[in-house]
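Shown next: target-v1.txt, given as compact mmCIF, C-alpha atoms.
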```txt
# COMPACT_ATOMS: atom_id res chain seq x y z
CA GLN A 28 -22.32 84.30 4.48
CA VAL A 29 -22.30 88.06 3.96
CA GLN A 30 -20.92 89.49 0.75
CA LEU A 31 -20.57 92.97 -0.69
CA VAL A 32 -20.67 92.91 -4.47
CA GLU A 33 -19.61 96.00 -6.43
CA SER A 34 -20.32 96.89 -10.02
CA GLY A 35 -19.93 99.81 -12.39
CA GLY A 36 -16.22 100.49 -12.60
CA GLY A 37 -14.42 101.03 -15.89
CA LEU A 38 -12.51 103.40 -18.12
CA VAL A 39 -13.76 106.92 -18.78
CA GLN A 40 -12.32 110.14 -20.16
CA ALA A 41 -11.70 113.11 -17.90
CA GLY A 42 -14.91 115.05 -17.41
CA GLY A 43 -17.03 111.96 -17.81
CA SER A 44 -19.25 110.08 -15.36
CA LEU A 45 -19.52 106.64 -13.82
CA ARG A 46 -21.92 105.10 -11.37
CA LEU A 47 -20.83 102.46 -8.87
CA ALA A 48 -23.26 100.17 -7.05
CA CYS A 49 -22.77 97.94 -4.03
CA VAL A 50 -25.17 95.25 -2.86
CA ALA A 51 -24.93 93.57 0.53
CA SER A 52 -26.22 90.00 0.42
CA GLY A 53 -26.55 87.14 2.86
CA THR A 54 -28.27 86.72 6.18
CA ILE A 55 -28.25 90.32 7.42
CA LEU A 56 -30.30 91.76 10.23
CA ARG A 57 -29.46 95.38 9.57
CA VAL A 58 -27.05 97.42 7.47
CA ASN A 59 -25.81 100.50 9.29
CA ASP A 60 -23.36 102.79 7.49
CA MET A 61 -22.26 102.10 3.93
CA GLY A 62 -19.49 103.82 2.09
CA TRP A 63 -16.90 103.90 -0.64
CA TYR A 64 -13.15 103.99 -0.17
CA ARG A 65 -10.46 104.12 -2.82
CA GLN A 66 -6.82 103.20 -3.10
CA ALA A 67 -4.51 104.47 -5.79
CA PRO A 68 -1.15 102.81 -6.53
CA GLY A 69 1.39 103.67 -3.85
CA LYS A 70 -1.18 105.45 -1.68
CA GLN A 71 -3.18 104.56 1.39
CA ARG A 72 -6.83 103.66 1.21
CA GLU A 73 -8.97 106.74 1.78
CA LEU A 74 -12.61 107.46 2.45
CA VAL A 75 -14.48 108.84 -0.55
CA ALA A 76 -18.03 109.03 0.80
CA SER A 77 -20.21 107.39 3.40
CA ILE A 78 -23.91 107.35 4.21
CA THR A 79 -25.85 106.32 7.29
CA SER A 80 -28.96 104.17 7.30
CA GLY A 81 -30.91 107.40 7.77
CA GLY A 82 -29.42 108.95 4.65
CA SER A 83 -26.87 111.37 6.11
CA ALA A 84 -23.89 111.61 3.77
CA ASN A 85 -20.26 112.54 4.31
CA TYR A 86 -17.71 113.29 1.56
CA ALA A 87 -13.99 113.73 1.19
CA ASP A 88 -13.14 117.32 0.31
CA SER A 89 -11.63 116.19 -2.99
CA VAL A 90 -14.97 114.87 -4.29
CA LYS A 91 -17.49 117.32 -2.82
CA GLY A 92 -19.73 118.73 -5.50
CA ARG A 93 -18.77 116.01 -7.98
CA PHE A 94 -19.75 112.72 -6.30
CA THR A 95 -23.08 111.75 -4.77
CA ILE A 96 -23.67 108.74 -2.55
CA SER A 97 -27.15 107.32 -2.07
CA ARG A 98 -28.92 104.42 -0.39
CA ASP A 99 -31.14 102.83 -3.02
CA ASN A 100 -32.56 100.49 -0.41
CA ASP A 101 -31.50 99.05 2.95
CA HIS A 102 -28.86 96.80 1.37
CA THR A 103 -27.70 98.85 -1.62
CA ALA A 104 -25.58 101.96 -1.95
CA SER A 105 -24.57 103.79 -5.12
CA LEU A 106 -21.91 106.35 -5.90
CA GLN A 107 -22.58 108.71 -8.81
CA MET A 108 -19.28 110.17 -9.98
CA ASN A 109 -19.39 113.21 -12.27
CA SER A 110 -16.69 115.50 -13.65
CA LEU A 111 -14.13 112.76 -13.16
CA LYS A 112 -10.46 113.69 -13.03
CA ALA A 113 -7.31 111.68 -13.66
CA GLU A 114 -6.58 111.80 -9.93
CA ASP A 115 -9.80 109.87 -9.26
CA THR A 116 -8.16 106.80 -10.80
CA ALA A 117 -8.06 104.07 -8.16
CA VAL A 118 -9.57 100.80 -7.01
CA TYR A 119 -12.85 101.62 -5.31
CA TYR A 120 -13.99 99.46 -2.39
CA CYS A 121 -17.45 99.25 -0.90
CA HIS A 122 -17.64 99.14 2.88
CA ALA A 123 -20.55 98.33 5.16
CA ASN A 124 -21.02 98.12 8.87
CA LEU A 125 -23.79 95.67 9.53
CA ILE A 126 -25.50 93.35 11.97
CA ALA A 127 -25.25 89.71 10.92
CA TYR A 128 -24.13 86.39 12.40
CA ARG A 129 -20.72 88.08 12.58
CA PRO A 130 -21.48 91.77 13.08
CA GLY A 131 -18.92 94.35 12.07
CA ASP A 132 -17.19 95.78 9.03
CA TYR A 133 -17.30 94.13 5.63
CA TRP A 134 -15.52 95.00 2.37
CA GLY A 135 -16.17 94.35 -1.27
CA GLN A 136 -13.54 92.96 -3.62
CA GLY A 137 -12.91 96.31 -5.28
CA THR A 138 -13.64 97.72 -8.71
CA GLN A 139 -11.18 99.59 -10.91
CA VAL A 140 -11.96 103.13 -12.01
CA THR A 141 -9.58 104.60 -14.57
CA VAL A 142 -9.89 108.18 -15.79
CA SER A 143 -7.85 109.07 -18.85
CA SER A 144 -6.66 112.64 -19.28
```

Write out the structure in this file as structure tokens.
Amino acid sequence: QVQLVESGGGLVQAGGSLRLACVASGTILRVNDMGWYRQAPGKQRELVASITSGGSANYADSVKGRFTISRDNDHTASLQMNSLKAEDTAVYYCHANLIAYRPGDYWGQGTQVTVSS
């Protein structure tokens, strides 16, 4: 059974940093794109950043220059978040598109990031 397990959320003051990590586990043939989405109360889930298996990254305009996504290995992706703002407060979800017994899109359970102003 495939699982995406996130870690690294928490409470931080504005201007601070956090690092999120996501590990894909289970019987997986290949992990294609990985990414991070977030959902704030009363808002739709939105893409924060994504990265291909080859390392090409894509960012939402709101986080460019502050967040960096990386592939630590084939099954792990991290999101380094610097210069955090109150508007970054949300539940952050890891996403992966992968080849497994049931290929397709998988989601983590979400991790809370709260930025106090």

* **Top pick for closest residue to Asp115 in chain A, considering A:Ser77, A:Ser144, A:Asn100, A:Gln28 and counting all atoms listed in the file** =>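 The shortest atom-to-atom distance to Asp115 in chain A comes from A:Ser144.
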
* In Å to one decimal, how far is CA of Lys112 in chain A from CA of Gln71 in chain A? ->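 Distance between the two atoms: 18.6 Å.
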
* **Given only C-alpha atoms as the counted atoms, nearest of A:Ala87, A:Ile78, A:Ile126, A:Val140 to Gln66 in chain A** =>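 Looking only at the distances to Gln66 in chain A, the closest residue turns out to be A:Val140.
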
* Asked: Which residue, A:Leu111, A:Val29, A:Val142, A:Ala84, has the smallest gap to Leu56 in chain A when you use only C-alpha atoms?
  ->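 Using only C-alpha atoms, the shortest distance to Leu56 in chain A belongs to A:Val29.
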
* **Residues near Ala117 in chain A, cut-off 12 Å, all atoms listed in the file, skip fewer than 4 positions along chain, as an NGL selection string** => :A and (36-38 or 63-73 or 75 or 111-113 or 137-143)

* Asked: With all atoms listed in the file as the atoms that count, which of A:Arg98, A:Arg93, A:His122, A:Arg57 lies nearest to Val32 in chain A?
  ->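 Checking each of A:Arg98, A:Arg93, A:His122, A:Arg57 against Val32 in chain A, counting all atoms listed in the file, the winner is A:His122.
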
Per residue of range 35-86 of chain A within 12 Å of range 127-135 of chain A, note the shortest atom pair and the distance in Å to one decimal, counting all atoms listed in the file, and order the rows by chain and increasing residue number, as CSV.
```
residue,atom,partner,partner_atom,distance
A:Ala48,CA,A:Gly135,CA,10.8
A:Cys49,CA,A:Gly135,CA,8.0
A:Val50,CA,A:Gly135,CA,9.2
A:Ala51,CA,A:Gly135,CA,9.0
A:Ser52,CA,A:Ala127,CA,10.5
A:Gly53,CA,A:Ala127,CA,8.6
A:Thr54,CA,A:Ala127,CA,6.4
A:Ile55,CA,A:Ala127,CA,4.6
A:Leu56,CA,A:Ala127,CA,5.5
A:Arg57,CA,A:Ala127,CA,7.2
A:Val58,CA,A:Ala127,CA,8.6
A:Asn59,CA,A:Gly131,CA,9.6
A:Asp60,CA,A:Asp132,CA,9.5
A:Met61,CA,A:Tyr133,CA,9.5
A:Gly62,CA,A:Trp134,CA,9.7
A:Trp63,CA,A:Trp134,CA,9.5
A:Tyr64,CA,A:Trp134,CA,9.6
A:Arg65,CA,A:Gly135,CA,11.4
```

* Asked: For the atom pair CA of Glu114 in chain A and CA of Leu31 in chain A, what is the interatomic distance in Å to one decimal place?
  ->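 Separating CA of Glu114 in chain A from CA of Leu31 in chain A is a distance of 25.2 Å.
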
* Asked: Quick one: distance from CA of Val118 in chain A to CA of Asp99 in chain A in Å, one decimal?
  ->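 Spanning CA of Val118 in chain A to CA of Asp99 in chain A is a straight-line distance of 22.0 Å.
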
Enclose the full set of atoms of range 66-79 of chain A listed in the file within a box whose edges lie along x, y and z, apply 3 Å of padding to each of the six sides, and report centre and edge lengths in Å to one decimal as JSON.
```
{"center_x": -12.2, "center_y": 105.9, "center_z": 0.4, "size_x": 33.2, "size_y": 12.2, "size_z": 19.8}
```

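The shortest atom-to-atom distance to Asp101 in chain A, with only C-alpha atoms taken into account, belongs to A:Thr79 out of A:Tyr120, A:Val39, A:Ser89, A:Thr79.
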
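Shortest atom-to-atom contact with Gln40 in chain A among A:Ser110, A:Asn85, A:Asn124, A:Gln136: A:Ser110, counting only C-alpha atoms.
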
* Find the residues around Thr95 in chain A up to 9 Å (all atoms listed in the file counted), leave out those fewer than 5 positions away in its own chain, and share them as a ChimeraX atom specification. => /A:76,84,86,90,105-109

Please output range 57-68 of chain A, rebuilt to include all heavy atoms, as a PDB file, keeping the file's coordinate frame.
```pdb
ATOM      1  N   ARG A  57     -29.374  93.957   9.842  1.00  0.00           N
ATOM      2  CA  ARG A  57     -29.460  95.380   9.570  1.00  0.00           C
ATOM      3  C   ARG A  57     -28.127  95.870   9.005  1.00  0.00           C
ATOM      4  O   ARG A  57     -27.064  95.468   9.459  1.00  0.00           O
ATOM      5  CB  ARG A  57     -29.764  96.167  10.850  1.00  0.00           C
ATOM      6  CG  ARG A  57     -29.962  97.664  10.616  1.00  0.00           C
ATOM      7  CD  ARG A  57     -30.375  98.403  11.876  1.00  0.00           C
ATOM      8  NE  ARG A  57     -29.278  98.563  12.815  1.00  0.00           N
ATOM      9  CZ  ARG A  57     -29.268  98.014  14.010  1.00  0.00           C
ATOM     10  NH1 ARG A  57     -30.267  97.262  14.423  1.00  0.00           N
ATOM     11  NH2 ARG A  57     -28.245  98.236  14.816  1.00  0.00           N
ATOM     12  N   VAL A  58     -28.229  96.759   8.007  1.00  0.00           N
ATOM     13  CA  VAL A  58     -27.050  97.420   7.470  1.00  0.00           C
ATOM     14  C   VAL A  58     -27.012  98.831   8.050  1.00  0.00           C
ATOM     15  O   VAL A  58     -27.965  99.586   7.889  1.00  0.00           O
ATOM     16  CB  VAL A  58     -27.061  97.474   5.940  1.00  0.00           C
ATOM     17  CG1 VAL A  58     -25.806  98.182   5.423  1.00  0.00           C
ATOM     18  CG2 VAL A  58     -27.157  96.075   5.353  1.00  0.00           C
ATOM     19  N   ASN A  59     -25.965  99.158   8.731  1.00  0.00           N
ATOM     20  CA  ASN A  59     -25.810 100.500   9.290  1.00  0.00           C
ATOM     21  C   ASN A  59     -25.196 101.422   8.228  1.00  0.00           C
ATOM     22  O   ASN A  59     -25.773 101.627   7.187  1.00  0.00           O
ATOM     23  CB  ASN A  59     -24.980 100.435  10.553  1.00  0.00           C
ATOM     24  CG  ASN A  59     -25.649  99.615  11.639  1.00  0.00           C
ATOM     25  OD1 ASN A  59     -26.855  99.696  11.836  1.00  0.00           O
ATOM     26  ND2 ASN A  59     -24.878  98.799  12.330  1.00  0.00           N
ATOM     27  N   ASP A  60     -24.003 101.924   8.464  1.00  0.00           N
ATOM     28  CA  ASP A  60     -23.360 102.790   7.490  1.00  0.00           C
ATOM     29  C   ASP A  60     -22.864 101.997   6.294  1.00  0.00           C
ATOM     30  O   ASP A  60     -22.435 100.858   6.422  1.00  0.00           O
ATOM     31  CB  ASP A  60     -22.155 103.513   8.112  1.00  0.00           C
ATOM     32  CG  ASP A  60     -22.557 104.481   9.204  1.00  0.00           C
ATOM     33  OD1 ASP A  60     -23.768 104.606   9.474  1.00  0.00           O
ATOM     34  OD2 ASP A  60     -21.656 105.103   9.797  1.00  0.00           O
ATOM     35  N   MET A  61     -22.913 102.619   5.124  1.00  0.00           N
ATOM     36  CA  MET A  61     -22.260 102.100   3.930  1.00  0.00           C
ATOM     37  C   MET A  61     -21.378 103.203   3.357  1.00  0.00           C
ATOM     38  O   MET A  61     -21.619 104.385   3.588  1.00  0.00           O
ATOM     39  CB  MET A  61     -23.274 101.653   2.883  1.00  0.00           C
ATOM     40  CG  MET A  61     -24.146 100.483   3.329  1.00  0.00           C
ATOM     41  SD  MET A  61     -25.188  99.811   2.015  1.00  0.00           S
ATOM     42  CE  MET A  61     -23.973  98.875   1.055  1.00  0.00           C
ATOM     43  N   GLY A  62     -20.370 102.796   2.637  1.00  0.00           N
ATOM     44  CA  GLY A  62     -19.490 103.820   2.090  1.00  0.00           C
ATOM     45  C   GLY A  62     -18.589 103.295   1.000  1.00  0.00           C
ATOM     46  O   GLY A  62     -18.579 102.092   0.699  1.00  0.00           O
ATOM     47  N   TRP A  63     -17.868 104.220   0.403  1.00  0.00           N
ATOM     48  CA  TRP A  63     -16.900 103.900  -0.640  1.00  0.00           C
ATOM     49  C   TRP A  63     -15.537 104.439  -0.233  1.00  0.00           C
ATOM     50  O   TRP A  63     -15.415 105.589   0.195  1.00  0.00           O
ATOM     51  CB  TRP A  63     -17.319 104.503  -1.961  1.00  0.00           C
ATOM     52  CG  TRP A  63     -18.546 103.860  -2.529  1.00  0.00           C
ATOM     53  CD1 TRP A  63     -19.843 104.232  -2.343  1.00  0.00           C
ATOM     54  CD2 TRP A  63     -18.588 102.706  -3.378  1.00  0.00           C
ATOM     55  NE1 TRP A  63     -20.680 103.384  -3.008  1.00  0.00           N
ATOM     56  CE2 TRP A  63     -19.937 102.441  -3.660  1.00  0.00           C
ATOM     57  CE3 TRP A  63     -17.605 101.877  -3.923  1.00  0.00           C
ATOM     58  CZ2 TRP A  63     -20.338 101.375  -4.460  1.00  0.00           C
ATOM     59  CZ3 TRP A  63     -18.003 100.825  -4.729  1.00  0.00           C
ATOM     60  CH2 TRP A  63     -19.357 100.576  -4.987  1.00  0.00           C
ATOM     61  N   TYR A  64     -14.545 103.606  -0.364  1.00  0.00           N
ATOM     62  CA  TYR A  64     -13.150 103.990  -0.170  1.00  0.00           C
ATOM     63  C   TYR A  64     -12.417 103.760  -1.491  1.00  0.00           C
ATOM     64  O   TYR A  64     -12.903 103.034  -2.348  1.00  0.00           O
ATOM     65  CB  TYR A  64     -12.497 103.139   0.925  1.00  0.00           C
ATOM     66  CG  TYR A  64     -12.964 103.444   2.328  1.00  0.00           C
ATOM     67  CD1 TYR A  64     -14.245 103.124   2.741  1.00  0.00           C
ATOM     68  CD2 TYR A  64     -12.114 104.054   3.242  1.00  0.00           C
ATOM     69  CE1 TYR A  64     -14.677 103.405   4.025  1.00  0.00           C
ATOM     70  CE2 TYR A  64     -12.525 104.336   4.547  1.00  0.00           C
ATOM     71  CZ  TYR A  64     -13.811 104.007   4.915  1.00  0.00           C
ATOM     72  OH  TYR A  64     -14.227 104.287   6.194  1.00  0.00           O
ATOM     73  N   ARG A  65     -11.259 104.370  -1.621  1.00  0.00           N
ATOM     74  CA  ARG A  65     -10.460 104.120  -2.820  1.00  0.00           C
ATOM     75  C   ARG A  65      -8.987 104.054  -2.464  1.00  0.00           C
ATOM     76  O   ARG A  65      -8.545 104.629  -1.468  1.00  0.00           O
ATOM     77  CB  ARG A  65     -10.698 105.198  -3.880  1.00  0.00           C
ATOM     78  CG  ARG A  65     -10.211 106.595  -3.511  1.00  0.00           C
ATOM     79  CD  ARG A  65     -10.633 107.598  -4.570  1.00  0.00           C
ATOM     80  NE  ARG A  65     -10.172 108.954  -4.257  1.00  0.00           N
ATOM     81  CZ  ARG A  65     -10.543 110.037  -4.941  1.00  0.00           C
ATOM     82  NH1 ARG A  65     -11.375 109.923  -5.982  1.00  0.00           N
ATOM     83  NH2 ARG A  65     -10.089 111.221  -4.602  1.00  0.00           N
ATOM     84  N   GLN A  66      -8.256 103.331  -3.307  1.00  0.00           N
ATOM     85  CA  GLN A  66      -6.820 103.200  -3.100  1.00  0.00           C
ATOM     86  C   GLN A  66      -6.123 103.275  -4.448  1.00  0.00           C
ATOM     87  O   GLN A  66      -6.352 102.441  -5.330  1.00  0.00           O
ATOM     88  CB  GLN A  66      -6.479 101.887  -2.408  1.00  0.00           C
ATOM     89  CG  GLN A  66      -5.025 101.774  -2.010  1.00  0.00           C
ATOM     90  CD  GLN A  66      -4.772 100.626  -1.048  1.00  0.00           C
ATOM     91  OE1 GLN A  66      -5.578  99.708  -0.920  1.00  0.00           O
ATOM     92  NE2 GLN A  66      -3.642 100.695  -0.344  1.00  0.00           N
ATOM     93  N   ALA A  67      -5.301 104.309  -4.594  1.00  0.00           N
ATOM     94  CA  ALA A  67      -4.510 104.470  -5.790  1.00  0.00           C
ATOM     95  C   ALA A  67      -3.145 103.817  -5.592  1.00  0.00           C
ATOM     96  O   ALA A  67      -2.711 103.629  -4.446  1.00  0.00           O
ATOM     97  CB  ALA A  67      -4.334 105.962  -6.110  1.00  0.00           C
ATOM     98  N   PRO A  68      -2.461 103.458  -6.660  1.00  0.00           N
ATOM     99  CA  PRO A  68      -1.150 102.810  -6.530  1.00  0.00           C
ATOM    100  C   PRO A  68      -0.187 103.641  -5.682  1.00  0.00           C
ATOM    101  O   PRO A  68      -0.041 104.849  -5.907  1.00  0.00           O
ATOM    102  CB  PRO A  68      -0.667 102.703  -7.975  1.00  0.00           C
ATOM    103  CG  PRO A  68      -1.914 102.672  -8.778  1.00  0.00           C
ATOM    104  CD  PRO A  68      -2.879 103.563  -8.062  1.00  0.00           C
TER     105      PRO A  68
END
```
